[in-house]
>>> print(open('model_21.txt').read())   # compact mmCIF, C-alpha atoms and all ligand atoms
# COMPACT_ATOMS: atom_id res chain seq x y z
CA MET A 1 104.50 54.31 107.71
CA ASN A 2 108.17 53.27 107.70
CA THR A 3 109.65 56.38 109.26
CA ALA A 4 113.12 54.94 109.88
CA LYS A 5 115.14 56.83 107.28
CA ILE A 6 113.53 60.24 107.78
CA LEU A 7 114.26 60.00 111.51
CA GLU A 8 117.89 58.94 111.14
CA SER A 9 120.73 61.39 111.55
CA PHE A 10 122.13 63.01 108.42
CA GLU A 11 125.55 64.49 107.70
CA LEU A 12 124.74 67.85 106.13
CA SER A 13 128.35 68.97 105.80
CA ARG A 14 131.83 68.54 107.24
CA SER A 15 130.82 70.31 110.45
CA ILE A 16 127.06 69.79 110.71
CA THR A 17 125.18 66.59 111.47
CA LEU A 18 121.40 66.75 111.78
CA LYS A 19 119.51 64.46 114.14
CA ASN A 20 116.84 63.75 111.51
CA ARG A 21 115.89 64.74 107.96
CA ILE A 22 112.85 66.84 108.87
CA ILE A 23 113.58 70.54 108.38
CA MET A 24 111.43 73.42 109.57
CA ALA A 25 110.90 75.52 106.41
CA PRO A 26 111.56 79.27 106.54
CA LEU A 27 108.27 80.95 107.50
CA THR A 28 107.76 84.70 107.60
CA ARG A 29 105.59 85.52 110.60
CA CYS A 30 105.79 89.34 110.92
CA PHE A 31 106.17 89.38 114.71
CA ALA A 32 109.48 91.23 115.08
CA ASP A 33 109.50 94.32 117.30
CA LYS A 34 109.77 97.96 116.18
CA ASP A 35 113.57 97.62 115.75
CA LEU A 36 112.91 94.57 113.55
CA ALA A 37 114.50 92.40 116.24
CA PRO A 38 113.11 89.01 117.37
CA THR A 39 111.22 88.87 120.67
CA GLN A 40 110.90 86.37 123.52
CA LEU A 41 107.72 85.00 121.86
CA ILE A 42 109.68 84.30 118.68
CA SER A 43 112.42 82.64 120.70
CA ASP A 44 109.91 80.36 122.44
CA TYR A 45 108.21 79.55 119.11
CA TYR A 46 111.48 78.32 117.58
CA ALA A 47 112.60 76.56 120.77
CA ARG A 48 109.39 74.47 120.70
CA ARG A 49 110.37 73.18 117.27
CA SER A 50 113.94 72.18 118.19
CA ASP A 51 113.34 68.49 117.64
CA THR A 52 113.39 69.05 113.87
CA GLY A 53 116.76 68.19 112.27
CA LEU A 54 117.24 71.85 111.34
CA ILE A 55 115.24 75.04 111.71
CA ILE A 56 115.57 77.55 108.89
CA SER A 57 114.59 80.93 110.29
CA GLU A 58 111.97 83.16 108.76
CA ALA A 59 113.44 85.33 106.00
CA THR A 60 115.62 87.96 107.68
CA ILE A 61 116.58 91.18 105.96
CA VAL A 62 120.24 92.00 105.41
CA THR A 63 119.75 95.77 105.16
CA PRO A 64 116.81 98.19 105.54
CA SER A 65 116.24 98.46 101.75
CA GLY A 66 115.47 94.72 101.80
CA GLN A 67 112.19 95.02 103.69
CA GLY A 68 108.84 94.37 101.99
CA TYR A 69 106.51 93.26 104.79
CA PRO A 70 105.71 94.61 108.25
CA ASN A 71 107.71 93.48 111.28
CA THR A 72 110.07 91.14 109.49
CA PRO A 73 113.31 90.73 111.42
CA GLY A 74 116.71 91.95 110.33
CA ILE A 75 120.29 90.96 111.09
CA TYR A 76 122.17 94.19 110.33
CA HIS A 77 122.40 95.98 113.70
CA GLN A 78 123.68 95.03 117.13
CA ASN A 79 120.34 94.95 118.89
CA GLN A 80 119.03 92.46 116.32
CA ILE A 81 122.16 90.32 116.71
CA ASN A 82 121.75 90.34 120.50
CA LYS A 83 118.11 89.30 120.28
CA TRP A 84 118.89 86.57 117.79
CA LYS A 85 121.48 85.26 120.29
CA GLU A 86 118.58 84.54 122.65
CA VAL A 87 116.74 82.64 119.92
CA THR A 88 119.71 80.53 118.88
CA GLY A 89 120.58 79.95 122.55
CA SER A 90 117.11 78.56 123.30
CA VAL A 91 117.17 76.32 120.23
CA HIS A 92 120.61 74.96 121.13
CA LYS A 93 119.57 74.44 124.74
CA ASN A 94 116.77 72.21 123.46
CA GLY A 95 119.20 70.24 121.27
CA GLY A 96 118.26 71.88 117.95
CA GLN A 97 120.16 73.63 115.18
CA ILE A 98 119.16 76.76 113.29
CA PHE A 99 120.19 78.53 110.06
CA CYS A 100 119.33 82.15 109.29
CA GLN A 101 117.61 82.80 105.97
CA LEU A 102 119.21 85.93 104.46
CA TRP A 103 116.79 88.08 102.49
CA HIS A 104 116.38 91.12 100.30
CA VAL A 105 112.99 91.55 98.63
CA GLY A 106 114.16 93.88 95.83
CA ARG A 107 111.14 95.14 93.92
CA VAL A 108 108.63 93.25 96.10
CA SER A 109 108.28 96.25 98.39
CA HIS A 110 106.69 99.65 98.71
CA PRO A 111 107.85 103.11 99.90
CA THR A 112 105.76 102.56 103.05
CA TYR A 113 108.47 100.12 104.26
CA LEU A 114 111.36 102.19 102.93
CA THR A 115 110.96 105.58 104.61
CA GLY A 116 109.34 106.87 101.44
CA ASN A 117 112.04 105.63 99.03
CA LYS A 118 111.33 103.52 95.97
CA PRO A 119 112.16 99.82 96.15
CA VAL A 120 115.41 98.86 94.42
CA ALA A 121 115.85 96.11 91.83
CA PRO A 122 118.15 95.07 88.99
CA SER A 123 116.00 97.09 86.55
CA SER A 124 112.94 99.36 86.58
CA VAL A 125 110.45 96.60 85.83
CA ALA A 126 107.12 97.13 87.54
CA LEU A 127 105.45 94.55 89.73
CA SER A 128 101.68 94.50 89.54
CA GLY A 129 99.36 93.58 92.38
CA LYS A 130 98.57 94.71 95.88
CA VAL A 131 101.02 94.83 98.77
CA PRO A 132 99.69 92.17 101.20
CA ARG A 133 97.71 93.49 104.21
CA THR A 134 97.52 97.00 102.70
CA GLU A 135 95.58 98.97 100.12
CA PHE A 136 98.79 99.93 98.29
CA GLU A 137 99.72 98.81 94.80
CA TYR A 138 103.27 97.65 94.08
CA GLY A 139 105.00 99.97 91.63
CA THR A 140 108.07 100.47 89.51
CA PRO A 141 111.37 100.03 91.35
CA ARG A 142 114.53 102.06 90.88
CA ALA A 143 117.35 100.26 89.05
CA LEU A 144 120.40 99.77 91.27
CA GLU A 145 123.56 101.65 90.30
CA ASN A 146 126.53 99.40 89.56
CA GLU A 147 128.35 100.27 92.82
CA GLU A 148 125.15 99.71 94.79
CA VAL A 149 125.06 96.11 93.55
CA TYR A 150 128.58 95.57 94.92
CA ASP A 151 127.50 97.20 98.16
CA LEU A 152 124.55 94.79 98.49
CA ILE A 153 126.88 91.81 98.00
CA LYS A 154 128.89 93.18 100.96
CA LYS A 155 125.68 93.53 102.96
CA PHE A 156 124.89 89.84 102.42
CA LYS A 157 128.41 88.93 103.53
CA GLN A 158 128.20 91.08 106.63
CA ALA A 159 124.78 89.62 107.45
CA ALA A 160 126.27 86.11 107.27
CA LEU A 161 129.03 87.14 109.67
CA ASN A 162 126.40 88.70 111.95
CA ALA A 163 124.39 85.47 111.83
CA ILE A 164 127.39 83.44 113.00
CA ASP A 165 128.04 86.05 115.68
CA ALA A 166 124.40 85.64 116.76
CA GLY A 167 124.94 81.90 117.23
CA PHE A 168 123.29 80.57 114.06
CA ASP A 169 124.74 77.27 112.82
CA GLY A 170 124.76 78.56 109.25
CA VAL A 171 122.85 80.64 106.71
CA GLU A 172 120.45 79.97 103.87
CA ILE A 173 120.68 82.53 101.08
CA HIS A 174 117.16 83.36 99.88
CA GLY A 175 117.42 82.99 96.11
CA ALA A 176 113.77 82.00 95.67
CA ASN A 177 110.20 83.27 95.47
CA GLY A 178 110.74 86.26 93.18
CA TYR A 179 112.92 88.29 95.56
CA LEU A 180 116.15 90.13 94.76
CA LEU A 181 118.43 87.23 93.72
CA ASN A 182 115.59 85.81 91.64
CA GLN A 183 115.15 89.21 89.99
CA PHE A 184 118.80 89.19 88.88
CA ILE A 185 118.54 85.63 87.51
CA HIS A 186 115.42 86.10 85.39
CA GLN A 187 115.51 87.91 82.03
CA TYR A 188 112.09 89.43 82.67
CA THR A 189 113.35 91.46 85.64
CA ASN A 190 117.01 91.91 84.64
CA LEU A 191 117.54 94.27 81.70
CA ARG A 192 120.98 95.40 82.87
CA THR A 193 123.81 96.00 80.46
CA ASP A 194 126.65 95.99 83.03
CA GLU A 195 128.44 92.86 84.31
CA PHE A 196 125.34 91.87 86.35
CA GLY A 197 123.16 91.36 83.26
CA GLY A 198 123.23 91.03 79.51
CA SER A 199 124.13 87.35 79.36
CA LEU A 200 123.49 84.13 81.20
CA LYS A 201 126.72 84.50 83.16
CA GLY A 202 125.94 88.15 83.86
CA ARG A 203 122.53 87.29 85.32
CA ALA A 204 124.15 84.55 87.44
CA LYS A 205 126.86 86.86 88.79
CA PHE A 206 124.97 88.51 91.67
CA THR A 207 123.97 85.13 93.10
CA LEU A 208 127.37 83.52 92.61
CA ASP A 209 129.24 86.54 94.01
CA ILE A 210 127.08 86.44 97.14
CA VAL A 211 127.68 82.71 97.57
CA GLU A 212 131.42 83.15 97.09
CA GLN A 213 131.67 86.05 99.54
CA ILE A 214 129.66 84.23 102.18
CA ILE A 215 131.72 81.06 101.77
CA GLU A 216 134.86 83.16 102.26
CA ALA A 217 133.35 84.68 105.40
CA ILE A 218 131.88 81.63 107.18
CA GLY A 219 132.88 78.48 105.23
CA ALA A 220 130.98 76.47 102.58
CA ASP A 221 129.91 73.90 105.19
CA ARG A 222 127.60 76.51 106.77
CA VAL A 223 125.97 77.78 103.57
CA GLY A 224 122.75 76.69 101.88
CA ILE A 225 120.72 78.40 99.17
CA ARG A 226 117.07 78.31 98.10
CA PHE A 227 115.92 78.52 94.48
CA SER A 228 112.63 78.62 92.60
CA PRO A 229 113.59 77.58 89.07
CA GLY A 230 109.87 77.25 88.32
CA ALA A 231 108.96 80.95 88.29
CA TYR A 232 105.79 80.94 90.35
CA MET A 233 105.69 83.88 92.73
CA ASN A 234 106.30 87.54 91.83
CA GLN A 235 108.21 86.26 88.82
CA GLN A 236 107.84 85.33 85.16
CA HIS A 237 109.75 82.74 83.13
CA THR A 238 111.49 83.62 79.88
CA GLU A 239 112.89 80.90 77.65
CA GLY A 240 116.53 80.38 78.60
CA ASP A 241 116.18 81.19 82.34
CA GLU A 242 116.46 77.45 83.00
CA LYS A 243 119.94 77.53 81.43
CA THR A 244 121.00 80.24 83.89
CA TYR A 245 119.86 78.02 86.76
CA ALA A 246 121.72 75.04 85.27
CA TYR A 247 124.87 77.16 85.05
CA ILE A 248 124.54 78.42 88.64
CA LEU A 249 124.03 74.86 89.92
CA GLU A 250 127.03 73.64 87.95
CA GLU A 251 129.15 76.35 89.58
CA LEU A 252 127.74 75.47 93.02
CA ASN A 253 128.75 71.85 92.48
CA LYS A 254 132.38 73.01 92.70
CA LYS A 255 131.84 74.79 96.02
CA LYS A 256 130.74 72.03 98.41
CA ILE A 257 128.02 74.05 100.08
CA ALA A 258 125.77 72.36 102.66
CA TYR A 259 122.65 72.17 100.47
CA VAL A 260 120.29 73.53 97.84
CA HIS A 261 116.61 73.92 98.77
CA THR A 262 113.53 74.07 96.54
CA GLY A 263 111.25 77.05 97.02
CA ILE A 264 107.73 76.21 95.89
CA PHE A 265 104.29 75.81 97.46
CA ASP A 266 103.28 72.61 95.65
CA ASP A 267 106.10 70.41 94.41
CA THR A 268 103.80 68.22 92.32
CA THR A 269 103.61 71.12 89.80
CA THR A 270 105.56 70.37 86.64
CA PHE A 271 107.14 72.93 84.31
CA ASP A 272 107.75 72.15 80.62
CA TYR A 273 110.89 74.24 80.57
CA LEU A 274 112.33 72.36 83.56
CA GLY A 275 111.41 68.95 82.18
CA GLY A 276 109.53 68.08 85.39
CA THR A 277 109.13 69.45 88.89
CA ALA A 278 111.32 72.16 90.41
CA THR A 279 112.92 69.58 92.71
CA SER A 280 113.61 67.09 89.89
CA PHE A 281 115.34 69.90 87.95
CA LEU A 282 117.50 70.81 90.96
CA ARG A 283 118.31 67.11 91.53
CA LYS A 284 119.40 66.72 87.92
CA HIS A 285 121.81 69.67 88.02
CA PHE A 286 122.99 69.84 91.64
CA LYS A 287 125.11 67.01 93.00
CA GLY A 288 125.04 67.89 96.72
CA ASN A 289 122.35 67.64 99.39
CA LEU A 290 118.89 68.65 98.26
CA ILE A 291 116.04 69.77 100.50
CA ALA A 292 112.59 69.58 98.90
CA SER A 293 109.50 71.43 100.05
CA GLY A 294 106.00 72.16 98.84
CA SER A 295 102.86 70.47 100.20
CA TYR A 296 104.59 67.22 101.21
CA THR A 297 103.02 64.87 103.70
CA ALA A 298 105.49 62.88 105.78
CA ALA A 299 104.45 59.72 103.88
CA ALA A 300 105.09 61.33 100.48
CA ALA A 301 108.47 62.65 101.66
CA ILE A 302 109.49 59.25 103.07
CA GLU A 303 108.71 57.58 99.75
CA ALA A 304 110.48 60.25 97.69
CA ILE A 305 113.59 60.09 99.91
CA ALA A 306 113.58 56.27 99.59
CA ASN A 307 113.50 56.73 95.80
CA ASP A 308 116.39 59.19 95.98
CA LYS A 309 114.38 62.14 94.63
CA PHE A 310 115.91 64.37 97.34
CA ASP A 311 117.67 64.00 100.70
CA LEU A 312 115.76 66.09 103.24
CA ILE A 313 112.26 67.50 103.55
CA ALA A 314 111.28 70.99 104.67
CA ILE A 315 107.82 71.29 106.15
CA GLY A 316 106.15 74.68 106.46
CA ARG A 317 102.44 74.97 107.19
CA ASP A 318 102.16 71.65 109.04
CA ILE A 319 104.92 72.77 111.42
CA ILE A 320 103.07 76.04 112.06
CA ALA A 321 100.02 73.97 112.98
CA ASN A 322 101.97 71.28 114.86
CA PRO A 323 104.89 72.51 117.00
CA ASP A 324 105.27 68.82 117.95
CA TYR A 325 105.36 67.67 114.31
CA VAL A 326 108.33 65.31 114.73
CA LYS A 327 106.86 63.64 117.81
CA LYS A 328 103.56 63.14 115.98
CA ILE A 329 105.37 61.50 113.06
CA ILE A 330 107.25 59.22 115.47
CA ASP A 331 104.04 58.29 117.31
CA ASN A 332 102.03 58.08 114.07
CA GLU A 333 99.56 60.58 115.51
CA LYS A 334 97.10 62.60 113.46
CA LEU A 335 98.29 66.12 112.59
CA THR A 336 96.30 69.25 113.40
CA GLU A 337 95.23 70.76 110.09
CA TYR A 338 96.76 74.11 109.14
CA ASN A 339 94.57 77.10 108.46
CA GLN A 340 95.47 80.71 107.76
CA SER A 341 93.99 82.04 110.98
CA MET A 342 96.93 80.35 112.74
CA LEU A 343 99.16 83.10 111.38
CA SER A 344 97.71 85.61 113.81
CA GLU A 345 99.62 84.17 116.76
CA LEU A 346 102.89 82.43 117.53
CA TYR A 347 102.43 79.19 119.37
C1 LIG B 401 103.13 81.89 106.24
C2 LIG B 401 104.24 81.49 105.31
C3 LIG B 401 105.42 82.20 105.33
C4 LIG B 401 106.48 81.84 104.48
N1 LIG B 401 107.66 82.52 104.56
C5 LIG B 401 108.73 82.12 103.82
C6 LIG B 401 110.00 82.73 103.99
O1 LIG B 401 110.20 83.61 104.84
N2 LIG B 401 111.00 82.30 103.20
C7 LIG B 401 110.85 81.32 102.26
O2 LIG B 401 111.79 80.97 101.56
N3 LIG B 401 109.65 80.70 102.12
C8 LIG B 401 108.61 81.06 102.88
N4 LIG B 401 107.42 80.38 102.78
C9 LIG B 401 107.35 79.15 101.97
C10 LIG B 401 107.63 77.91 102.87
O3 LIG B 401 108.99 77.90 103.28
C11 LIG B 401 107.35 76.58 102.15
O4 LIG B 401 108.21 76.44 101.05
C12 LIG B 401 105.90 76.48 101.66
O5 LIG B 401 105.01 76.82 102.71
C13 LIG B 401 105.59 75.06 101.15
O6 LIG B 401 105.77 74.10 102.17
P1 LIG B 401 104.52 73.49 102.98
O7 LIG B 401 103.55 72.97 101.96
O8 LIG B 401 105.11 72.39 103.82
O9 LIG B 401 103.92 74.60 103.78
C14 LIG B 401 106.33 80.75 103.59
C15 LIG B 401 105.13 80.05 103.57
C16 LIG B 401 104.08 80.40 104.42
C17 LIG B 401 102.83 79.58 104.41
>>> encode(input="model_21.txt", output="structure tokens")
Amino acid sequence: MNTAKILESFELSRSITLKNRIIMAPLTRCFADKDLAPTQLISDYYARRSDTGLIISEATIVTPSGQGYPNTPGIYHQNQINKWKEVTGSVHKNGGQIFCQLWHVGRVSHPTYLTGNKPVAPSSVALSGKVPRTEFEYGTPRALENEEVYDLIKKFKQAALNAIDAGFDGVEIHGANGYLLNQFIHQYTNLRTDEFGGSLKGRAKFTLDIVEQIIEAIGADRVGIRFSPGAYMNQQHTEGDEKTYAYILEELNKKKIAYVHTGIFDDTTTFDYLGGTATSFLRKHFKGNLIASGSYTAAAAIEAIANDKFDLIAIGRDIIANPDYVKKIIDNEKLTEYNQSMLSELY
């Protein structure tokens, strides 16, 4: 395996150079404490993976209404910021860099996580299925009032400022996997008639406003965003959604952000309406750095990077199973195989 290019340093933006092109994918682990703050165990878990070019943190909620799973960390109060400082400090001490993935689940939640309140979403469009790890069914969310949408944009901005305060090197806006930004982009979940819906530009506005506000707060060089243009998780495609993505990406081309990142579990999946894979669609429309992810082996990623299909690779499950993933790639050692039981502890 010719690992040379994947192990070379990479200039992600004006201010950030990565020591290699292997990224630790964002991975929700549900180990935060009762204040939804990270613990020493979480800090040690990330520190062990500091030889990746960049760690993207587990999805981290920007405000309490953004929670949809147990014990997922937040970055909206001082105790959380203080605890994240310990995480980022340990990663930096080991020579790594770390971005915070900023998250709001929207309708992918349940009153059990929201002190009895209904989940909020662009529109009252029900989500079917069971809330993971519980016996509860998802339900019908409450449509956000117009001023509440503006307030959430501010929450994302404040969370980005908090992340920088906590020592993160940047933020990744979670626009993927059927969560709140995704719900605004897709016609199926956005039936709004105000300026945040009704047209392609309307459905793009929430995402683009958040990007703009965060750039203003912390600089474009510290901002990445993740998208799932192939609706595959908690989401449904409607003809024309791909045009909204193309428009958003065109707008992002003007902003010089650090990267765009594909959110998908298997990036060999092709979508008729995207004219190929999710990553090939993002590559076609976005001119900046592209991180791919989704069931890549190191060999497949090396070949795809050599063929200019994308620039960096995010690895999820294999990095859960192999804290020493990068070393094993360097030494051409066999990887430990991932299995779901590994999610029950942080090692
Ligand atoms: C346990 C687990 C938790 C995940 N949590 C997140 C998350 O918090 N944010 C996110 O964008 N993607 C999340 N993902 C998706 C991964 O980032 C990644 O895209 C996916 O696992 C495919 O990459 P892989 O085949 O290398 O694992 C998660 C995946 C797994 C398996």
>>> atom_distance(input="model_21.txt", atom1="atom CA of A:Thr244", atom2="atom CA of A:Thr140")
24.7 Å
>>> atom_distance(input="model_21.txt", atom1="atom CA of A:Arg226", atom2="atom CA of A:Val260")
5.8 Å
>>> residues_around(input="model_21.txt", residues="stretch 266-279 of chain A", least_positions_apart="5", cutoff="9 Å", atoms="only C-alpha atoms", output="PyMOL selection string")
chain A and resi 227-230+237+239-242+261+284+290-296+309-310
>>> write_last_selection(input="model_21.txt", atoms="C-alpha atoms", output="PDB file, keeping the file's coordinate frame")
ATOM      1  CA  PHE A 227     115.920  78.520  94.480  1.00  0.00           C
ATOM      2  CA  SER A 228     112.630  78.620  92.600  1.00  0.00           C
ATOM      3  CA  PRO A 229     113.590  77.580  89.070  1.00  0.00           C
ATOM      4  CA  GLY A 230     109.870  77.250  88.320  1.00  0.00           C
ATOM      5  CA  HIS A 237     109.750  82.740  83.130  1.00  0.00           C
ATOM      6  CA  GLU A 239     112.890  80.900  77.650  1.00  0.00           C
ATOM      7  CA  GLY A 240     116.530  80.380  78.600  1.00  0.00           C
ATOM      8  CA  ASP A 241     116.180  81.190  82.340  1.00  0.00           C
ATOM      9  CA  GLU A 242     116.460  77.450  83.000  1.00  0.00           C
ATOM     10  CA  HIS A 261     116.610  73.920  98.770  1.00  0.00           C
ATOM     11  CA  LYS A 284     119.400  66.720  87.920  1.00  0.00           C
ATOM     12  CA  LEU A 290     118.890  68.650  98.260  1.00  0.00           C
ATOM     13  CA  ILE A 291     116.040  69.770 100.500  1.00  0.00           C
ATOM     14  CA  ALA A 292     112.590  69.580  98.900  1.00  0.00           C
ATOM     15  CA  SER A 293     109.500  71.430 100.050  1.00  0.00           C
ATOM     16  CA  GLY A 294     106.000  72.160  98.840  1.00  0.00           C
ATOM     17  CA  SER A 295     102.860  70.470 100.200  1.00  0.00           C
ATOM     18  CA  TYR A 296     104.590  67.220 101.210  1.00  0.00           C
ATOM     19  CA  LYS A 309     114.380  62.140  94.630  1.00  0.00           C
ATOM     20  CA  PHE A 310     115.910  64.370  97.340  1.00  0.00           C
TER      21      PHE A 310
END
>>> atom_distance(input="model_21.txt", atom1="atom CA of A:Val326", atom2="atom CA of A:Ala176")
25.9 Å
>>> residues_near_ligand(input="model_21.txt", ligand="ligand LIG 401 (chain B)", cutoff="6 Å", atoms="only C-alpha atoms and all ligand atoms", output="VMD selection string")
chain A and resid 25 to 28 58 to 59 263 to 265 293 to 296 315 to 317
>>> write_last_selection(input="model_21.txt", atoms="C-alpha atoms", output="tab-separated table (two decimals), keeping the file's coordinate frame")
chain	number	residue	atom	x	y	z
A	25	ALA	CA	110.90	75.52	106.41
A	26	PRO	CA	111.56	79.27	106.54
A	27	LEU	CA	108.27	80.95	107.50
A	28	THR	CA	107.76	84.70	107.60
A	58	GLU	CA	111.97	83.16	108.76
A	59	ALA	CA	113.44	85.33	106.00
A	263	GLY	CA	111.25	77.05	97.02
A	264	ILE	CA	107.73	76.21	95.89
A	265	PHE	CA	104.29	75.81	97.46
A	293	SER	CA	109.50	71.43	100.05
A	294	GLY	CA	106.00	72.16	98.84
A	295	SER	CA	102.86	70.47	100.20
A	296	TYR	CA	104.59	67.22	101.21
A	315	ILE	CA	107.82	71.29	106.15
A	316	GLY	CA	106.15	74.68	106.46
A	317	ARG	CA	102.44	74.97	107.19
>>> closest_residue(input="model_21.txt", among="A:His285, A:Arg107, A:Ala126, A:Leu7", to="A:Asn182", atoms="only C-alpha atoms")
A:Arg107
>>> residues_around(input="model_21.txt", residues="A:Lys254", least_positions_apart="5", cutoff="10 Å", atoms="all atoms listed in the file", output="PyMOL selection string")
chain A and resi 249+286-288
>>> build_atoms(input="model_21.txt", residues="stretch 253-260 of chain A", atoms="all heavy atoms", output="PDB file, in the coordinates of the input")
ATOM      1  N   ASN A 253     128.210  73.198  92.297  1.00  0.00           N
ATOM      2  CA  ASN A 253     128.750  71.850  92.480  1.00  0.00           C
ATOM      3  C   ASN A 253     130.236  71.876  92.853  1.00  0.00           C
ATOM      4  O   ASN A 253     130.743  70.978  93.503  1.00  0.00           O
ATOM      5  CB  ASN A 253     128.585  71.019  91.197  1.00  0.00           C
ATOM      6  CG  ASN A 253     127.159  70.527  91.034  1.00  0.00           C
ATOM      7  OD1 ASN A 253     126.440  70.347  92.018  1.00  0.00           O
ATOM      8  ND2 ASN A 253     126.742  70.314  89.795  1.00  0.00           N
ATOM      9  N   LYS A 254     130.928  72.932  92.424  1.00  0.00           N
ATOM     10  CA  LYS A 254     132.380  73.010  92.700  1.00  0.00           C
ATOM     11  C   LYS A 254     132.641  73.544  94.104  1.00  0.00           C
ATOM     12  O   LYS A 254     133.770  73.577  94.557  1.00  0.00           O
ATOM     13  CB  LYS A 254     133.037  73.979  91.691  1.00  0.00           C
ATOM     14  CG  LYS A 254     132.850  73.576  90.242  1.00  0.00           C
ATOM     15  CD  LYS A 254     133.402  74.678  89.339  1.00  0.00           C
ATOM     16  CE  LYS A 254     132.948  74.470  87.890  1.00  0.00           C
ATOM     17  NZ  LYS A 254     133.092  75.704  87.087  1.00  0.00           N
ATOM     18  N   LYS A 255     131.595  74.032  94.786  1.00  0.00           N
ATOM     19  CA  LYS A 255     131.840  74.790  96.020  1.00  0.00           C
ATOM     20  C   LYS A 255     131.557  74.041  97.316  1.00  0.00           C
ATOM     21  O   LYS A 255     131.794  74.539  98.394  1.00  0.00           O
ATOM     22  CB  LYS A 255     131.037  76.093  95.991  1.00  0.00           C
ATOM     23  CG  LYS A 255     131.474  76.991  94.842  1.00  0.00           C
ATOM     24  CD  LYS A 255     130.881  78.367  94.948  1.00  0.00           C
ATOM     25  CE  LYS A 255     131.118  79.201  93.721  1.00  0.00           C
ATOM     26  NZ  LYS A 255     132.527  79.564  93.512  1.00  0.00           N
ATOM     27  N   LYS A 256     130.986  72.859  97.211  1.00  0.00           N
ATOM     28  CA  LYS A 256     130.740  72.030  98.410  1.00  0.00           C
ATOM     29  C   LYS A 256     129.939  72.738  99.504  1.00  0.00           C
ATOM     30  O   LYS A 256     130.277  72.695 100.695  1.00  0.00           O
ATOM     31  CB  LYS A 256     132.080  71.536  99.016  1.00  0.00           C
ATOM     32  CG  LYS A 256     132.973  70.791  98.043  1.00  0.00           C
ATOM     33  CD  LYS A 256     132.625  69.320  97.989  1.00  0.00           C
ATOM     34  CE  LYS A 256     133.389  68.541  96.943  1.00  0.00           C
ATOM     35  NZ  LYS A 256     132.793  68.453  95.613  1.00  0.00           N
ATOM     36  N   ILE A 257     128.898  73.429  99.086  1.00  0.00           N
ATOM     37  CA  ILE A 257     128.020  74.050 100.080  1.00  0.00           C
ATOM     38  C   ILE A 257     127.173  72.971 100.759  1.00  0.00           C
ATOM     39  O   ILE A 257     127.104  71.826 100.303  1.00  0.00           O
ATOM     40  CB  ILE A 257     127.109  75.139  99.460  1.00  0.00           C
ATOM     41  CG1 ILE A 257     126.255  74.580  98.322  1.00  0.00           C
ATOM     42  CG2 ILE A 257     127.947  76.319  98.987  1.00  0.00           C
ATOM     43  CD1 ILE A 257     125.214  75.558  97.796  1.00  0.00           C
ATOM     44  N   ALA A 258     126.499  73.344 101.855  1.00  0.00           N
ATOM     45  CA  ALA A 258     125.770  72.360 102.660  1.00  0.00           C
ATOM     46  C   ALA A 258     124.559  71.803 101.912  1.00  0.00           C
ATOM     47  O   ALA A 258     124.251  70.613 101.999  1.00  0.00           O
ATOM     48  CB  ALA A 258     125.335  72.978 103.989  1.00  0.00           C
ATOM     49  N   TYR A 259     123.850  72.661 101.176  1.00  0.00           N
ATOM     50  CA  TYR A 259     122.650  72.170 100.470  1.00  0.00           C
ATOM     51  C   TYR A 259     122.075  73.199  99.516  1.00  0.00           C
ATOM     52  O   TYR A 259     122.376  74.392  99.605  1.00  0.00           O
ATOM     53  CB  TYR A 259     121.563  71.766 101.480  1.00  0.00           C
ATOM     54  CG  TYR A 259     120.982  72.905 102.286  1.00  0.00           C
ATOM     55  CD1 TYR A 259     119.961  73.710 101.770  1.00  0.00           C
ATOM     56  CD2 TYR A 259     121.454  73.206 103.563  1.00  0.00           C
ATOM     57  CE1 TYR A 259     119.430  74.761 102.507  1.00  0.00           C
ATOM     58  CE2 TYR A 259     120.926  74.259 104.305  1.00  0.00           C
ATOM     59  CZ  TYR A 259     119.919  75.027 103.768  1.00  0.00           C
ATOM     60  OH  TYR A 259     119.400  76.079 104.477  1.00  0.00           O
ATOM     61  N   VAL A 260     121.211  72.695  98.643  1.00  0.00           N
ATOM     62  CA  VAL A 260     120.290  73.530  97.840  1.00  0.00           C
ATOM     63  C   VAL A 260     118.884  73.138  98.263  1.00  0.00           C
ATOM     64  O   VAL A 260     118.621  71.981  98.629  1.00  0.00           O
ATOM     65  CB  VAL A 260     120.538  73.306  96.324  1.00  0.00           C
ATOM     66  CG1 VAL A 260     119.367  73.798  95.491  1.00  0.00           C
ATOM     67  CG2 VAL A 260     121.823  74.026  95.888  1.00  0.00           C
TER      68      VAL A 260
END
